[in-house]
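Visitor: One structure, as structure tokens, below. Some questions next.
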Amino acid sequence: MAKRLKAAERRASILAVAKVLFADRGFHGVSVDEIARRLGVSPAVLYRHFDSKEALYEAALSEIACQRESYVEAALGGPGDFGSVLLRMTRVYAASVARDPDYLRMEMHSVLEGAPAAQQFFESRWKSFTDFIEVSLGELAPQGRVARVDARSASLMFQGMVREALYAKCILKSPRHKDIGLDDLIEQLIQLFLAAVGYQHS
């Protein structure tokens, strides 16, 4: 018999199990009955906390999408040049994903399934980077310290590069990259990105 939990505890336990299952198989690959079985409760218990499977999915997505890393320490904790700050920010983000790779799976599923929370993933996880890259490139270009590249395209390239590295290391666990640690891989990617935008350290 399932342990009787307070409403907030039960809701949190439902979300925790749902997040893992939805991260593995997406919205359509998971049933309410399966989530209930994993929790050792009846489906009626789930429906007391969430009106529908859709509501449970949106709640799981929103809980993950609204998590934000703080980049304040990364921005202030060392040399203040563009390349150094970007590297420290990216390391903070990569460490966060490595701790909880279900986030990346949920982001991928939400985009493929057209969930409204997909935009929240961008706002909470990528916008700090796109804003920093685009503003910095705009300031550095007139100084001749970066090439005159399209800043939005550059920030998109950065996202794709980092996301792909995290898929390979944290989700696929690709043997192709097993001999390099995530931290070292991130550093190499940042070096490639800086070379691609023609960055020159002052």
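Each chain of the structure tokens is named A, B, ... in the order shown, its residues numbered from 1; ligands are numbered from 1 in display order.
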When you look at Tyr167 of chain A with a cut-off of 9 Å (counting only C-alpha atoms), what residues show up, excluding the ones that are within fewer than 6 positions of it in the same chain? I need them as a tab-separated table (two decimals) with N, CA, C and O atoms, in the first residue's frame.

Guide:
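Wrote it out as part.tsv, contents follow:
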chain	number	residue	atom	x	y	z
A	101	PRO	N	20.33	15.17	-16.92
A	101	PRO	CA	20.16	15.13	-18.38
A	101	PRO	C	18.72	14.99	-18.84
A	101	PRO	O	18.43	15.20	-20.01
A	104	LEU	N	17.43	17.89	-20.88
A	104	LEU	CA	17.70	17.97	-22.32
A	104	LEU	C	16.73	17.09	-23.10
A	104	LEU	O	16.27	17.45	-24.18
A	105	ARG	N	16.42	15.91	-22.54
A	105	ARG	CA	15.44	15.04	-23.21
A	105	ARG	C	14.07	15.70	-23.27
A	105	ARG	O	13.38	15.64	-24.29
A	173	LYS	N	25.98	9.17	-24.60
A	173	LYS	CA	27.23	8.62	-24.03
A	173	LYS	C	28.06	7.99	-25.13
A	173	LYS	O	28.51	6.83	-25.03
A	174	SER	N	28.25	8.77	-26.18
A	174	SER	CA	28.92	8.30	-27.39
A	174	SER	C	30.34	7.83	-27.12
A	174	SER	O	31.15	8.55	-26.52

Visitor: Give me the residues near segment 120-132 of chain A as a PyMOL selection string, where near means some atom within 12 Å (using only C-alpha atoms) and where sequence neighbours in that chain fewer than 6 positions away do not count.

Guide: chain A and resi 58+61-72+75+81-83+85-94+96-97+103-111+138-140+151-160+162-163

Visitor: What does the distance between atom CA of Val41 of chain A and atom CA of Arg99 of chain A come to in Å, to one decimal place?

Guide: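 Distance between the two atoms: 28.4 Å.
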
Visitor: Going by DSSP on the backbone, which residues of segment 73-191 of chain A come out as alpha helix (DSSP H)? List them as a CSV table (one decimal) with N, CA, C and O atoms, in the first residue's frame.

Guide:
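What ended up in states16.csv:
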chain,number,residue,atom,x,y,z
A,73,GLU,N,28.0,34.6,-10.9
A,73,GLU,CA,29.4,34.2,-10.4
A,73,GLU,C,30.3,33.9,-11.6
A,73,GLU,O,31.5,34.3,-11.5
A,74,ALA,N,29.7,33.3,-12.6
A,74,ALA,CA,30.5,33.0,-13.8
A,74,ALA,C,31.0,34.2,-14.5
A,74,ALA,O,32.1,34.3,-14.9
A,75,ALA,N,30.1,35.2,-14.5
A,75,ALA,CA,30.5,36.5,-15.2
A,75,ALA,C,31.5,37.3,-14.4
A,75,ALA,O,32.4,37.9,-15.0
A,76,LEU,N,31.5,37.2,-13.1
A,76,LEU,CA,32.3,38.0,-12.2
A,76,LEU,C,33.5,37.3,-11.7
A,76,LEU,O,34.4,37.9,-11.1
A,82,PHE,N,35.3,38.7,-23.2
A,82,PHE,CA,34.2,37.9,-23.8
A,82,PHE,C,34.5,36.4,-23.8
A,82,PHE,O,33.6,35.6,-23.4
A,83,GLY,N,35.6,35.9,-24.3
A,83,GLY,CA,35.9,34.5,-24.3
A,83,GLY,C,35.9,33.8,-23.0
A,83,GLY,O,35.4,32.7,-22.8
A,84,SER,N,36.5,34.5,-22.0
A,84,SER,CA,36.6,33.9,-20.7
A,84,SER,C,35.2,33.8,-20.0
A,84,SER,O,34.9,32.7,-19.4
A,85,VAL,N,34.4,34.8,-20.1
A,85,VAL,CA,33.1,34.8,-19.5
A,85,VAL,C,32.2,33.8,-20.2
A,85,VAL,O,31.5,33.0,-19.5
A,86,LEU,N,32.3,33.7,-21.5
A,86,LEU,CA,31.5,32.7,-22.3
A,86,LEU,C,31.9,31.3,-21.9
A,86,LEU,O,31.0,30.4,-21.7
A,87,LEU,N,33.1,31.0,-21.7
A,87,LEU,CA,33.6,29.7,-21.3
A,87,LEU,C,33.0,29.4,-19.9
A,87,LEU,O,32.5,28.3,-19.7
A,88,ARG,N,33.1,30.3,-18.9
A,88,ARG,CA,32.7,30.0,-17.6
A,88,ARG,C,31.2,29.8,-17.6
A,88,ARG,O,30.6,28.9,-16.9
A,89,MET,N,30.4,30.6,-18.3
A,89,MET,CA,28.9,30.5,-18.4
A,89,MET,C,28.6,29.1,-18.9
A,89,MET,O,27.7,28.4,-18.4
A,90,THR,N,29.3,28.7,-20.0
A,90,THR,CA,29.0,27.4,-20.7
A,90,THR,C,29.3,26.3,-19.7
A,90,THR,O,28.6,25.3,-19.7
A,91,ARG,N,30.3,26.4,-19.0
A,91,ARG,CA,30.7,25.3,-18.0
A,91,ARG,C,29.6,25.2,-16.9
A,91,ARG,O,29.3,24.0,-16.5
A,92,VAL,N,29.0,26.3,-16.5
A,92,VAL,CA,27.9,26.2,-15.5
A,92,VAL,C,26.7,25.5,-16.1
A,92,VAL,O,26.2,24.6,-15.5
A,93,TYR,N,26.4,25.9,-17.3
A,93,TYR,CA,25.3,25.2,-18.0
A,93,TYR,C,25.5,23.7,-18.2
A,93,TYR,O,24.6,22.9,-18.0
A,94,ALA,N,26.7,23.4,-18.7
A,94,ALA,CA,27.0,22.0,-19.0
A,94,ALA,C,27.0,21.2,-17.7
A,94,ALA,O,26.5,20.0,-17.7
A,95,ALA,N,27.5,21.7,-16.7
A,95,ALA,CA,27.5,21.0,-15.4
A,95,ALA,C,26.0,20.7,-14.9
A,95,ALA,O,25.7,19.7,-14.4
A,96,SER,N,25.2,21.7,-15.1
A,96,SER,CA,23.8,21.6,-14.8
A,96,SER,C,23.1,20.5,-15.6
A,96,SER,O,22.3,19.6,-15.0
A,97,VAL,N,23.3,20.4,-16.9
A,97,VAL,CA,22.7,19.4,-17.7
A,97,VAL,C,23.3,18.0,-17.3
A,97,VAL,O,22.6,17.0,-17.3
A,98,ALA,N,24.6,17.9,-17.1
A,98,ALA,CA,25.2,16.7,-16.7
A,98,ALA,C,24.6,16.1,-15.4
A,98,ALA,O,24.5,14.9,-15.3
A,99,ARG,N,24.2,17.0,-14.5
A,99,ARG,CA,23.6,16.6,-13.2
A,99,ARG,C,22.2,16.0,-13.5
A,99,ARG,O,21.7,15.2,-12.8
A,102,ASP,N,17.8,14.6,-17.9
A,102,ASP,CA,16.4,14.6,-18.3
A,102,ASP,C,15.9,15.9,-18.8
A,102,ASP,O,15.0,16.0,-19.7
A,103,TYR,N,16.5,17.0,-18.3
A,103,TYR,CA,16.2,18.3,-18.9
A,103,TYR,C,16.3,18.4,-20.4
A,103,TYR,O,15.4,18.8,-21.1
A,104,LEU,N,17.4,17.9,-20.9
A,104,LEU,CA,17.7,18.0,-22.3
A,104,LEU,C,16.7,17.1,-23.1
A,104,LEU,O,16.3,17.5,-24.2
A,105,ARG,N,16.4,15.9,-22.5
A,105,ARG,CA,15.4,15.0,-23.2
A,105,ARG,C,14.1,15.7,-23.3
A,105,ARG,O,13.4,15.6,-24.3
A,106,MET,N,13.7,16.3,-22.2
A,106,MET,CA,12.4,17.0,-22.1
A,106,MET,C,12.3,18.2,-23.1
A,106,MET,O,11.3,18.4,-23.8
A,107,GLU,N,13.4,18.9,-23.2
A,107,GLU,CA,13.5,20.0,-24.2
A,107,GLU,C,13.3,19.5,-25.6
A,107,GLU,O,12.5,20.0,-26.4
A,108,MET,N,14.0,18.4,-25.9
A,108,MET,CA,13.9,17.8,-27.3
A,108,MET,C,12.5,17.3,-27.6
A,108,MET,O,11.9,17.6,-28.6
A,109,HIS,N,11.9,16.6,-26.6
A,109,HIS,CA,10.5,16.1,-26.8
A,109,HIS,C,9.5,17.3,-27.0
A,109,HIS,O,8.6,17.3,-27.8
A,110,SER,N,9.7,18.3,-26.1
A,110,SER,CA,8.7,19.4,-26.2
A,110,SER,C,8.8,20.2,-27.5
A,110,SER,O,7.8,20.6,-28.0
A,111,VAL,N,10.0,20.3,-28.1
A,111,VAL,CA,10.1,20.9,-29.4
A,111,VAL,C,9.4,20.1,-30.5
A,111,VAL,O,8.7,20.6,-31.3
A,112,LEU,N,9.7,18.8,-30.5
A,112,LEU,CA,9.2,17.9,-31.5
A,112,LEU,C,7.7,17.8,-31.4
A,112,LEU,O,7.0,17.6,-32.4
A,117,ALA,N,5.6,24.9,-23.7
A,117,ALA,CA,6.8,25.1,-22.8
A,117,ALA,C,8.1,25.1,-23.6
A,117,ALA,O,9.1,25.5,-23.0
A,118,ALA,N,8.1,24.7,-24.9
A,118,ALA,CA,9.3,24.8,-25.7
A,118,ALA,C,10.0,26.1,-25.6
A,118,ALA,O,11.2,26.3,-25.5
A,119,GLN,N,9.1,27.2,-25.7
A,119,GLN,CA,9.6,28.5,-25.7
A,119,GLN,C,10.2,28.9,-24.3
A,119,GLN,O,11.2,29.6,-24.2
A,120,GLN,N,9.6,28.3,-23.3
A,120,GLN,CA,10.2,28.5,-21.9
A,120,GLN,C,11.6,27.9,-21.8
A,120,GLN,O,12.4,28.5,-21.1
A,121,PHE,N,11.8,26.8,-22.5
A,121,PHE,CA,13.2,26.2,-22.4
A,121,PHE,C,14.2,27.2,-23.0
A,121,PHE,O,15.3,27.4,-22.5
A,127,LYS,N,18.5,32.0,-23.6
A,127,LYS,CA,18.5,33.4,-23.8
A,127,LYS,C,19.6,34.2,-23.2
A,127,LYS,O,20.1,35.1,-23.7
A,128,SER,N,20.1,33.7,-22.0
A,128,SER,CA,21.3,34.4,-21.4
A,128,SER,C,22.4,34.3,-22.3
A,128,SER,O,23.2,35.3,-22.4
A,129,PHE,N,22.6,33.2,-23.0
A,129,PHE,CA,23.7,33.1,-23.9
A,129,PHE,C,23.5,33.9,-25.2
A,129,PHE,O,24.4,34.6,-25.6
A,130,THR,N,22.3,33.8,-25.8
A,130,THR,CA,22.1,34.6,-27.0
A,130,THR,C,22.2,36.1,-26.8
A,130,THR,O,22.8,36.8,-27.6
A,131,ASP,N,21.7,36.5,-25.7
A,131,ASP,CA,21.8,38.0,-25.4
A,131,ASP,C,23.3,38.4,-25.2
A,131,ASP,O,23.7,39.4,-25.7
A,132,PHE,N,24.0,37.6,-24.4
A,132,PHE,CA,25.4,37.9,-24.1
A,132,PHE,C,26.3,37.9,-25.4
A,132,PHE,O,27.1,38.8,-25.7
A,133,ILE,N,26.1,36.8,-26.2
A,133,ILE,CA,26.8,36.7,-27.5
A,133,ILE,C,26.5,37.9,-28.4
A,133,ILE,O,27.4,38.5,-29.0
A,134,GLU,N,25.2,38.1,-28.6
A,134,GLU,CA,24.8,39.1,-29.6
A,134,GLU,C,25.2,40.5,-29.2
A,134,GLU,O,25.7,41.3,-30.0
A,135,VAL,N,25.1,40.9,-27.9
A,135,VAL,CA,25.5,42.2,-27.4
A,135,VAL,C,27.0,42.3,-27.5
A,135,VAL,O,27.5,43.3,-27.9
A,136,SER,N,27.7,41.3,-27.1
A,136,SER,CA,29.2,41.3,-27.1
A,136,SER,C,29.7,41.5,-28.5
A,136,SER,O,30.6,42.3,-28.7
A,137,LEU,N,29.2,40.7,-29.4
A,137,LEU,CA,29.7,40.8,-30.8
A,137,LEU,C,29.4,42.2,-31.4
A,137,LEU,O,30.2,42.7,-32.1
A,138,GLY,N,28.2,42.7,-31.0
A,138,GLY,CA,27.9,44.1,-31.5
A,138,GLY,C,28.9,45.1,-30.9
A,138,GLY,O,29.2,46.1,-31.6
A,139,GLU,N,29.4,44.9,-29.7
A,139,GLU,CA,30.3,45.9,-29.1
A,139,GLU,C,31.7,45.7,-29.6
A,139,GLU,O,32.5,46.6,-29.8
A,140,LEU,N,32.1,44.4,-29.9
A,140,LEU,CA,33.5,44.1,-30.3
A,140,LEU,C,33.8,44.3,-31.8
A,140,LEU,O,34.9,44.7,-32.1
A,151,ALA,N,25.3,38.4,-35.8
A,151,ALA,CA,25.4,38.0,-34.4
A,151,ALA,C,24.3,36.9,-34.1
A,151,ALA,O,24.5,36.0,-33.3
A,152,ARG,N,23.1,37.0,-34.7
A,152,ARG,CA,22.1,36.0,-34.4
A,152,ARG,C,22.5,34.6,-35.0
A,152,ARG,O,22.2,33.6,-34.3
A,153,SER,N,23.1,34.6,-36.1
A,153,SER,CA,23.6,33.4,-36.7
A,153,SER,C,24.7,32.8,-35.8
A,153,SER,O,24.7,31.6,-35.6
A,154,ALA,N,25.5,33.6,-35.3
A,154,ALA,CA,26.6,33.2,-34.4
A,154,ALA,C,26.1,32.6,-33.1
A,154,ALA,O,26.5,31.5,-32.7
A,155,SER,N,25.1,33.2,-32.6
A,155,SER,CA,24.5,32.6,-31.3
A,155,SER,C,23.8,31.3,-31.6
A,155,SER,O,23.8,30.4,-30.8
A,156,LEU,N,23.1,31.2,-32.8
A,156,LEU,CA,22.5,29.9,-33.1
A,156,LEU,C,23.5,28.8,-33.3
A,156,LEU,O,23.3,27.7,-32.9
A,157,MET,N,24.7,29.2,-33.9
A,157,MET,CA,25.7,28.2,-34.1
A,157,MET,C,26.2,27.7,-32.7
A,157,MET,O,26.5,26.6,-32.5
A,158,PHE,N,26.4,28.7,-31.8
A,158,PHE,CA,26.8,28.4,-30.4
A,158,PHE,C,25.9,27.4,-29.8
A,158,PHE,O,26.3,26.3,-29.2
A,159,GLN,N,24.6,27.7,-29.9
A,159,GLN,CA,23.6,26.8,-29.2
A,159,GLN,C,23.6,25.4,-29.8
A,159,GLN,O,23.6,24.4,-29.1
A,160,GLY,N,23.7,25.3,-31.1
A,160,GLY,CA,23.7,24.0,-31.8
A,160,GLY,C,25.0,23.2,-31.4
A,160,GLY,O,24.9,22.0,-31.1
A,161,MET,N,26.1,23.9,-31.3
A,161,MET,CA,27.3,23.2,-31.0
A,161,MET,C,27.3,22.7,-29.5
A,161,MET,O,27.7,21.5,-29.3
A,162,VAL,N,26.9,23.5,-28.6
A,162,VAL,CA,26.8,23.1,-27.2
A,162,VAL,C,25.8,22.0,-27.0
A,162,VAL,O,26.0,21.0,-26.3
A,163,ARG,N,24.6,22.2,-27.6
A,163,ARG,CA,23.5,21.2,-27.4
A,163,ARG,C,24.0,19.8,-27.9
A,163,ARG,O,23.8,18.8,-27.3
A,164,GLU,N,24.6,19.8,-29.1
A,164,GLU,CA,25.1,18.6,-29.7
A,164,GLU,C,26.1,17.9,-28.8
A,164,GLU,O,26.1,16.7,-28.7
A,165,ALA,N,27.0,18.7,-28.3
A,165,ALA,CA,28.0,18.1,-27.4
A,165,ALA,C,27.4,17.5,-26.1
A,165,ALA,O,27.8,16.4,-25.7
A,166,LEU,N,26.4,18.1,-25.6
A,166,LEU,CA,25.7,17.6,-24.4
A,166,LEU,C,24.9,16.4,-24.7
A,166,LEU,O,24.8,15.4,-23.9
A,182,LEU,N,33.8,16.2,-20.2
A,182,LEU,CA,32.9,17.2,-20.7
A,182,LEU,C,33.5,18.6,-20.6
A,182,LEU,O,33.3,19.5,-21.5
A,183,ASP,N,34.2,18.9,-19.5
A,183,ASP,CA,34.8,20.2,-19.3
A,183,ASP,C,35.8,20.5,-20.4
A,183,ASP,O,35.8,21.6,-20.9
A,184,ASP,N,36.6,19.5,-20.7
A,184,ASP,CA,37.6,19.8,-21.8
A,184,ASP,C,36.9,19.9,-23.1
A,184,ASP,O,37.4,20.7,-24.0
A,185,LEU,N,35.9,19.1,-23.4
A,185,LEU,CA,35.2,19.2,-24.6
A,185,LEU,C,34.6,20.6,-24.8
A,185,LEU,O,34.6,21.3,-25.9
A,186,ILE,N,34.0,21.1,-23.7
A,186,ILE,CA,33.4,22.5,-23.7
A,186,ILE,C,34.4,23.5,-24.1
A,186,ILE,O,34.2,24.4,-24.9
A,187,GLU,N,35.6,23.4,-23.4
A,187,GLU,CA,36.7,24.4,-23.7
A,187,GLU,C,37.1,24.3,-25.1
A,187,GLU,O,37.3,25.4,-25.7
A,188,GLN,N,37.2,23.2,-25.7
A,188,GLN,CA,37.6,23.1,-27.1
A,188,GLN,C,36.6,23.7,-28.0
A,188,GLN,O,36.9,24.4,-29.0
A,189,LEU,N,35.3,23.4,-27.7
A,189,LEU,CA,34.2,24.0,-28.5
A,189,LEU,C,34.2,25.5,-28.4
A,189,LEU,O,34.0,26.2,-29.5
A,190,ILE,N,34.4,26.1,-27.3
A,190,ILE,CA,34.4,27.5,-27.1
A,190,ILE,C,35.6,28.1,-27.9
A,190,ILE,O,35.5,29.1,-28.6
A,191,GLN,N,36.8,27.4,-27.9
A,191,GLN,CA,37.9,27.9,-28.7
A,191,GLN,C,37.6,27.9,-30.2
A,191,GLN,O,37.9,28.9,-30.9

Visitor: Work out how far atom CA of Ala7 of chain A is from atom CA of Asp100 of chain A, in Å to one decimal.

Guide: 24.9 Å
